[in-house]
Structure formats: C-alpha cells, structure tokens
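Data block for protein_9.txt (compact mmCIF, C-alpha atoms):
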```txt
# COMPACT_ATOMS: atom_id res chain seq x y z
CA SER A 57 -54.92 20.40 -8.37
CA MET A 58 -53.99 23.15 -5.92
CA LEU A 59 -51.77 20.73 -3.98
CA SER A 60 -49.75 19.76 -7.04
CA TYR A 61 -49.40 23.43 -8.02
CA ILE A 62 -47.99 24.40 -4.62
CA THR A 63 -45.70 21.37 -4.63
CA ARG A 64 -44.37 22.26 -8.07
CA LEU A 65 -43.73 25.86 -7.01
CA ALA A 66 -41.83 24.71 -3.92
CA ASP A 67 -39.77 22.18 -5.89
CA GLU A 68 -38.86 24.71 -8.59
CA SER A 69 -37.84 27.23 -5.96
CA ALA A 70 -35.67 24.72 -4.10
CA SER A 71 -33.90 23.63 -7.30
CA GLY A 72 -33.35 27.17 -8.60
CA ARG A 73 -35.49 26.67 -11.72
CA ILE A 74 -37.43 29.93 -11.31
CA ASP A 75 -36.12 33.42 -11.91
CA ASP A 76 -35.73 36.18 -9.34
CA GLU A 77 -39.03 37.84 -10.20
CA ASP A 78 -41.00 34.63 -9.74
CA LEU A 79 -39.07 33.87 -6.56
CA SER A 80 -40.00 37.26 -5.08
CA THR A 81 -43.71 36.49 -5.57
CA LEU A 82 -43.55 32.90 -4.33
CA GLY A 83 -44.01 33.97 -0.71
CA SER A 84 -47.17 35.93 -1.54
CA VAL A 85 -48.59 33.03 -3.52
CA LEU A 86 -47.93 30.63 -0.66
CA PHE A 87 -49.55 32.99 1.84
CA GLN A 88 -52.73 33.23 -0.24
CA LEU A 89 -53.01 29.54 -1.15
CA LEU A 90 -51.80 27.70 1.94
CA LEU A 91 -53.64 29.53 4.70
CA PRO A 92 -57.35 29.43 5.55
CA GLN A 93 -58.94 32.86 5.84
CA GLU A 94 -59.16 32.77 9.64
CA LEU A 95 -55.38 32.39 9.90
CA LYS A 96 -54.44 35.05 7.37
CA SER A 97 -55.46 37.98 9.56
CA ARG A 98 -53.74 36.46 12.61
CA LEU A 99 -50.43 35.92 10.81
CA ALA A 100 -50.64 39.23 8.97
CA ASN A 101 -50.53 40.90 12.41
CA PHE A 102 -47.21 39.14 13.04
CA GLU A 103 -48.32 37.19 16.08
CA ASN A 104 -46.01 34.44 17.30
CA THR A 105 -47.24 31.18 15.81
CA VAL A 106 -46.70 27.43 16.22
CA LEU A 107 -47.74 25.66 13.04
CA VAL A 108 -48.71 22.01 13.50
CA VAL A 109 -48.00 20.01 10.32
CA ASP A 110 -48.19 16.37 9.25
CA ASP A 111 -45.70 14.61 6.98
CA GLU A 112 -47.39 15.83 3.79
CA SER A 113 -47.87 19.48 4.74
CA ALA A 114 -44.37 19.59 6.26
CA SER A 115 -42.97 19.47 2.71
CA PHE A 116 -44.26 22.99 1.99
CA PRO A 117 -41.92 25.97 2.53
CA TRP A 118 -44.14 27.66 5.11
CA GLU A 119 -41.30 29.93 6.26
CA LEU A 120 -41.37 31.72 2.88
CA MET A 121 -44.97 32.91 3.25
CA THR A 122 -45.15 36.68 2.79
CA PRO A 123 -48.26 38.73 3.63
CA PRO A 124 -49.54 41.35 1.18
CA ASP A 125 -48.07 44.81 1.61
CA GLU A 126 -51.31 46.65 2.36
CA GLY A 127 -50.30 49.07 5.08
CA MET A 128 -50.19 46.39 7.77
CA PRO A 129 -47.48 46.42 10.46
CA GLY A 130 -44.09 45.00 9.57
CA ASP A 131 -42.29 44.80 6.27
CA GLY A 132 -44.65 43.24 3.75
CA ASN A 133 -41.78 42.40 1.43
CA ARG A 134 -40.19 40.00 3.89
CA PRO A 135 -41.34 36.49 4.88
CA LEU A 136 -43.32 36.12 8.08
CA ALA A 137 -40.69 33.85 9.61
CA VAL A 138 -38.17 36.70 9.87
CA GLN A 139 -40.68 39.18 11.30
CA ALA A 140 -42.28 37.16 14.10
CA GLY A 141 -41.86 33.92 16.02
CA PHE A 142 -42.71 31.08 13.65
CA ILE A 143 -42.11 27.43 14.60
CA ARG A 144 -43.24 24.17 13.05
CA GLN A 145 -44.48 21.32 15.20
CA ARG A 146 -44.69 17.92 13.53
CA LEU A 147 -47.81 15.90 14.28
CA SER A 148 -46.70 12.36 14.99
CA ASN A 149 -47.84 9.18 16.66
CA ASP A 150 -44.22 8.08 17.04
CA PHE A 151 -42.95 9.57 20.29
CA ARG A 152 -41.53 8.59 23.66
CA SER A 153 -44.45 7.93 25.98
CA LEU A 154 -42.66 8.81 29.24
CA PRO A 155 -39.92 11.30 28.35
CA ARG A 156 -37.29 12.07 30.94
CA MET A 157 -36.29 15.73 30.93
CA THR A 158 -33.17 17.38 32.31
CA GLY A 159 -33.16 19.91 35.11
CA GLY A 160 -29.94 21.49 33.84
CA TRP A 161 -29.32 24.23 31.31
CA ASP A 162 -26.68 22.65 29.10
CA VAL A 163 -26.77 23.21 25.33
CA LEU A 164 -24.76 21.26 22.75
CA ILE A 165 -23.74 23.39 19.76
CA VAL A 166 -22.38 21.62 16.67
CA GLY A 167 -21.25 23.79 13.78
CA ALA A 168 -19.67 22.75 10.46
CA PRO A 169 -18.11 19.51 11.81
CA CYS A 170 -15.65 17.31 9.90
CA THR A 171 -17.11 15.64 6.78
CA ARG A 172 -14.00 13.82 5.56
CA GLY A 173 -13.97 10.15 4.54
CA TRP A 174 -17.14 9.93 2.44
CA ARG A 175 -17.64 7.87 -0.72
CA ASP A 176 -20.65 7.18 -2.94
CA GLU A 177 -21.99 3.84 -4.14
CA LYS A 178 -19.39 3.72 -6.92
CA GLY A 179 -16.54 4.23 -4.47
CA GLU A 180 -15.85 7.79 -5.61
CA ALA A 181 -14.95 10.38 -3.00
CA ILE A 182 -17.59 12.89 -1.90
CA ASP A 183 -16.17 16.28 -1.02
CA PHE A 184 -18.57 18.36 1.03
CA PRO A 185 -17.66 22.07 0.80
CA LEU A 186 -16.71 23.98 3.92
CA LEU A 187 -19.63 25.81 5.50
CA HIS A 188 -18.09 28.94 6.95
CA GLY A 189 -21.55 30.37 7.57
CA ALA A 190 -22.56 27.35 9.67
CA GLN A 191 -19.44 27.69 11.81
CA ALA A 192 -20.02 31.42 12.24
CA GLU A 193 -23.63 30.70 13.21
CA ALA A 194 -22.57 28.16 15.83
CA GLU A 195 -19.99 30.55 17.27
CA ALA A 196 -22.59 33.32 17.44
CA VAL A 197 -25.03 30.99 19.22
CA GLU A 198 -22.30 30.02 21.69
CA LYS A 199 -21.66 33.70 22.42
CA LEU A 200 -25.36 34.33 23.07
CA PHE A 201 -25.64 31.44 25.49
CA LYS A 202 -22.51 32.55 27.34
CA GLN A 203 -24.20 35.90 27.89
CA ALA A 204 -27.49 34.29 28.99
CA GLU A 205 -27.69 33.69 32.74
CA GLY A 206 -27.69 30.04 33.74
CA TRP A 207 -27.00 28.47 30.35
CA VAL A 208 -23.89 26.31 29.86
CA PRO A 209 -22.87 26.01 26.17
CA HIS A 210 -20.76 23.09 24.93
CA PRO A 211 -19.47 24.07 21.46
CA LEU A 212 -18.15 21.66 18.85
CA CYS A 213 -17.19 23.82 15.90
CA GLY A 214 -14.92 23.34 12.92
CA ALA A 215 -13.37 20.74 10.65
CA ASP A 216 -11.53 18.92 13.47
CA ILE A 217 -14.81 17.80 15.09
CA THR A 218 -15.14 14.14 14.11
CA PHE A 219 -18.09 11.77 14.36
CA GLU A 220 -16.66 10.23 17.53
CA ARG A 221 -16.44 13.59 19.30
CA VAL A 222 -20.02 14.51 18.42
CA ILE A 223 -21.51 11.19 19.55
CA THR A 224 -19.40 11.11 22.72
CA SER A 225 -20.51 14.63 23.64
CA LEU A 226 -24.14 13.83 22.85
CA VAL A 227 -24.30 10.97 25.37
CA LYS A 228 -21.90 12.48 27.92
CA ARG A 229 -24.50 14.61 29.70
CA PRO A 230 -28.16 15.60 29.42
CA TYR A 231 -28.89 18.67 27.32
CA ARG A 232 -31.84 21.00 27.42
CA MET A 233 -31.13 22.16 23.86
CA LEU A 234 -29.27 21.00 20.75
CA HIS A 235 -28.18 23.41 18.02
CA LEU A 236 -26.90 21.66 14.87
CA ALA A 237 -25.61 23.55 11.82
CA GLY A 238 -23.89 21.82 8.92
CA HIS A 239 -24.41 19.59 5.90
CA GLY A 240 -27.45 17.35 5.78
CA VAL A 241 -28.41 14.41 3.58
CA VAL A 242 -31.67 12.67 2.77
CA ASP A 243 -31.76 8.95 1.94
CA GLN A 244 -27.99 9.00 1.40
CA TRP A 245 -26.16 5.75 0.59
CA ILE A 246 -23.98 4.74 3.55
CA ARG A 247 -22.88 1.20 2.77
CA ASN A 248 -24.06 -2.16 1.46
CA ARG A 249 -25.20 -4.88 3.83
CA GLY A 250 -25.02 -8.58 3.11
CA LEU A 251 -23.29 -10.54 0.35
CA PRO A 252 -23.91 -10.49 -3.42
CA PRO A 253 -26.34 -11.05 -4.97
CA LEU A 254 -28.51 -10.40 -1.89
CA GLU A 255 -26.73 -7.31 -0.60
CA GLN A 256 -28.88 -4.31 0.23
CA ALA A 257 -28.05 -0.64 0.42
CA VAL A 258 -28.11 1.01 3.84
CA ARG A 259 -29.25 4.61 3.54
CA GLY A 260 -29.59 7.37 6.09
CA THR A 261 -30.98 10.84 6.69
CA GLY A 262 -29.41 13.36 9.03
CA MET A 263 -26.45 15.62 9.67
CA VAL A 264 -23.24 14.71 7.83
CA LEU A 265 -20.33 13.79 10.09
CA SER A 266 -16.97 12.21 9.29
CA HIS A 267 -16.12 8.80 7.84
CA GLN A 268 -19.45 7.82 6.30
CA ARG A 269 -21.44 8.59 9.43
CA ILE A 270 -24.44 10.80 10.06
CA LEU A 271 -26.14 12.13 13.16
CA SER A 272 -29.70 10.91 12.79
CA ALA A 273 -32.97 11.08 14.69
CA ALA A 274 -32.25 7.52 15.83
CA ASP A 275 -29.06 8.71 17.57
CA VAL A 276 -30.92 11.44 19.43
CA ARG A 277 -33.67 8.94 20.31
CA GLN A 278 -31.10 6.84 22.15
CA VAL A 279 -30.27 9.70 24.52
CA GLN A 280 -31.76 9.05 27.94
CA HIS A 281 -32.86 12.64 28.61
CA VAL A 282 -35.03 14.20 25.91
CA PRO A 283 -33.83 17.67 24.79
CA GLU A 284 -36.50 20.30 25.24
CA PHE A 285 -35.60 21.96 21.94
CA VAL A 286 -33.58 20.85 18.90
CA PHE A 287 -32.63 23.40 16.23
CA LEU A 288 -31.47 22.08 12.85
CA ASN A 289 -29.94 24.22 10.10
CA GLN A 290 -28.87 21.75 7.44
CA CYS A 291 -27.54 22.43 3.94
CA PHE A 292 -28.92 19.71 1.62
```

Can you present the structure in this file as structure tokens?
Amino acid sequence: SMLSYITRLADESASGRIDDEDLSTLGSVLFQLLLPQELKSRLANFENTVLVVDDESASFPWELMTPPDEGMPGDGNRPLAVQAGFIRQRLSNDFRSLPRMTGGWDVLIVGAPCTRGWRDEKGEAIDFPLLHGAQAEAEAVEKLFKQAEGWVPHPLCGADITFERVITSLVKRPYRMLHLAGHGVVDQWIRNRGLPPLEQAVRGTGMVLSHQRILSAADVRQVQHVPEFVFLNQCF
C-alpha cells in the first residue's frame, strides 16, 4: 500500500540504509505522495503552515518534503521546512481542560545537559556522546532572547547541568517557552519495579538527563503554568 511504502522510505532514511542519491529524492517523493493536490500549490508558494497530524501521520518526516524545482519561488532543492514557517500540531484528546498561562516572558533553555550515570538492563554503562552542536544551539538561542525586548532567558547549558538542576529550574517559575536540545530516548529501560519473578521493566520517553532520569511529557504536565511553546531538538 502507499502508506507502507512511505513508512518504509522514512524508516530507511532514518536508519541510513539508503544512498545519497535516493536520499536527495526522498523529499520530492514525500511531497508528491503525502499531500493532497489542494495543499501542494499552497506549500509550493512557501506560505507559513501549521500541519495538524494524528499519532499515525506524525510518524512521517513531513519536514523533509521538497517541492519540484519548476521555476517556483525559493530553492526547489531544499526542504520546505527550511524555506518557510512549518510547524506540526498534534491532534489529541488528552489535554489540560483549563490551562493556566503565564503573563511573563521567561524562557528556559536546556542544552546538552549532563547524561552521566546511565546503565542498561544488563547493568552495563551507557555512554552518551557529547553534543557540542546542541550546546552551541542553546547558547545561540540564549543570545537571541537576550537581544529580544522583554524576554528573560534562563540558560542551563553543558555537562555540569544535572537532572536536579533541570527539574528545579522547571518548577521554580512559570515559563512562556521551553527550548530543549540534547539526547532523547524512546521506550528506554529505566529500572525494574517489583520483586522476581513478578518484576516489571519501567521504561520512559523523553530528554536524557543524568543518573538514569529523563525529562518527560509527564514532568512538563506537572508544571502549574502551561508553556505557550515548547521546542524539542532531540538526538535519538
């Protein structure tokens, strides 16, 4: 089916199993197959777009879509997401019914925090590589917010930023925006719960922090004031 074909293309791209030539055409294939005709002309004109997706369609690499190079404005060889505003919005029935927003302009910026103290299910150490790019990104974001009138950045950057510091800062004050750049995990083993033979694995998804801890959606959900915008750049 068309769905399985697109899924296979996306999976092969993410795992590096396709060559450079195929990778360069992936964006064009996605543009032609994923979009209905009425959206193709709109996006090909590089209009700012909010794409509403459900859990299934969210698995597709929409940001890689590349319009055909047919004399239209912009650089047809580059994905749409780097030529115009392009944001995903997840369609969900699981949300806070009466969100409380902040009137301030504080932004929490976490970049390449400490990831020491991790082990896998076999007890072997997990060494997450340093993400110099994530730290540089966070520092650049901090600089931009310092230059923007009214915004108050609160940076937490570098390998000395432990889990405790991140969580403490998260609940210390209300934030209008969160910017998180670092390692991410999906369904990662954290620990076992219970006693043998009935013990069960506790797994988590989120941003990797120190000492077998992650920053998850559940942690952000506990914050009293809902951030207006959360930006995640996670290396999985």

Practice problem: For Trp118 of chain A, list every protein, DNA or RNA residue within 12 Å, evaluated using all atoms listed in the file, and leave out those in the same chain fewer than 3 positions away; present the list as a PyMOL selection string. | Solution: chain A and resi 62-63+66+82-91+99+105-109+113-115+121-123+135-138+142-145

Show me, as a PDB file with C-alpha atoms, keeping the file's coordinate frame, the residues that have an atom within 10 Å of segment 146-162 of chain A when counting all atoms listed in the file, minus same-chain residues fewer than 5 positions from it.
```
ATOM      1  CA  LEU A 107     -47.740  25.660  13.040  1.00  0.00           C
ATOM      2  CA  VAL A 108     -48.710  22.010  13.500  1.00  0.00           C
ATOM      3  CA  VAL A 109     -48.000  20.010  10.320  1.00  0.00           C
ATOM      4  CA  ASP A 110     -48.190  16.370   9.250  1.00  0.00           C
ATOM      5  CA  ASP A 111     -45.700  14.610   6.980  1.00  0.00           C
ATOM      6  CA  SER A 113     -47.870  19.480   4.740  1.00  0.00           C
ATOM      7  CA  ALA A 114     -44.370  19.590   6.260  1.00  0.00           C
ATOM      8  CA  PHE A 201     -25.640  31.440  25.490  1.00  0.00           C
ATOM      9  CA  GLU A 205     -27.690  33.690  32.740  1.00  0.00           C
ATOM     10  CA  GLY A 206     -27.690  30.040  33.740  1.00  0.00           C
ATOM     11  CA  TRP A 207     -27.000  28.470  30.350  1.00  0.00           C
ATOM     12  CA  VAL A 208     -23.890  26.310  29.860  1.00  0.00           C
ATOM     13  CA  PRO A 209     -22.870  26.010  26.170  1.00  0.00           C
ATOM     14  CA  HIS A 210     -20.760  23.090  24.930  1.00  0.00           C
ATOM     15  CA  ARG A 229     -24.500  14.610  29.700  1.00  0.00           C
ATOM     16  CA  PRO A 230     -28.160  15.600  29.420  1.00  0.00           C
ATOM     17  CA  TYR A 231     -28.890  18.670  27.320  1.00  0.00           C
ATOM     18  CA  ARG A 232     -31.840  21.000  27.420  1.00  0.00           C
ATOM     19  CA  MET A 233     -31.130  22.160  23.860  1.00  0.00           C
ATOM     20  CA  LEU A 234     -29.270  21.000  20.750  1.00  0.00           C
ATOM     21  CA  ARG A 277     -33.670   8.940  20.310  1.00  0.00           C
ATOM     22  CA  VAL A 279     -30.270   9.700  24.520  1.00  0.00           C
ATOM     23  CA  GLN A 280     -31.760   9.050  27.940  1.00  0.00           C
ATOM     24  CA  HIS A 281     -32.860  12.640  28.610  1.00  0.00           C
ATOM     25  CA  VAL A 282     -35.030  14.200  25.910  1.00  0.00           C
ATOM     26  CA  PRO A 283     -33.830  17.670  24.790  1.00  0.00           C
ATOM     27  CA  GLU A 284     -36.500  20.300  25.240  1.00  0.00           C
TER      28      GLU A 284
END
```

Quiz item: Do you have the atom CA of Gln191 of chain A-atom CA of Asn289 of chain A distance handy?
Solution: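 Separation between atom CA of Gln191 of chain A and atom CA of Asn289 of chain A: 11.2 Å.
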
Exercise. Give me, please, the distance in Å between atom CA of Val264 of chain A and atom CA of Ala204 of chain A, quoted to one decimal.
Key: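 Result for atom CA of Val264 of chain A versus atom CA of Ala204 of chain A: 29.1 Å, one decimal.
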
Quiz prompt | Gap from atom CA of Leu187 of chain A to atom CA of Pro169 of chain A - Å, one decimal | solution =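 About the pair atom CA of Leu187 of chain A and atom CA of Pro169 of chain A: they are 9.0 Å apart.
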
Self-check item: Polymer residues at most 6 Å from (-25.9, 1.5, 1.6) by only C-alpha atoms, as a ChimeraX atom specification
Solution: /A:245-248,257-259

Store the residues picked out above in a file with C-alpha atoms, as a compact mmCIF listing (two decimals), in the frame of the given file.
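Saved as again32.txt:
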```
# COMPACT_ATOMS: atom_id res chain seq x y z
CA TRP A 245 -26.16 5.75 0.59
CA ILE A 246 -23.98 4.74 3.55
CA ARG A 247 -22.88 1.20 2.77
CA ASN A 248 -24.06 -2.16 1.46
CA ALA A 257 -28.05 -0.64 0.42
CA VAL A 258 -28.11 1.01 3.84
CA ARG A 259 -29.25 4.61 3.54
```

Practice problem: Choose the residue, out of A:Gly141, A:Arg249, A:Pro185, A:Phe285, that has the smallest atom-to-atom separation from Glu119 of chain A; count all atoms listed in the file. | Solution: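 Smallest distance to Glu119 of chain A is found for A:Gly141.
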
Quiz prompt | Minimum-distance residue to Gly173 of chain A, chosen among A:Gln268, A:Ser97, A:Gln290, A:Asn104 (using all atoms listed in the file) | solution =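 Using all atoms listed in the file, the shortest distance to Gly173 of chain A belongs to A:Gln268.
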
Self-check item: Which residue of A:Leu271, A:Val166, A:Ile217, A:Leu226 approaches Ala196 of chain A most closely, using all atoms listed in the file
Solution: A:Val166

Practice problem: Might you pull out every residue within 12 Å of Gly189 of chain A, with all atoms listed in the file counted and same-chain residues fewer than 3 positions away left off, and present them as a VMD selection string? | Solution: chain A and resid 167 to 168 185 to 186 192 to 196 213 to 214 237 to 239 289 to 291

Self-check item: Best match for closeness to Asp216 of chain A among A:Val197, A:Leu251, A:Val163, A:Cys170, counting all atoms listed in the file
Solution: A:Cys170

Quiz item: A:Leu236, A:Pro253, A:Ser266, A:Ile223: which is nearest Gln278 of chain A, counting all atoms listed in the file?
Solution: A:Ile223
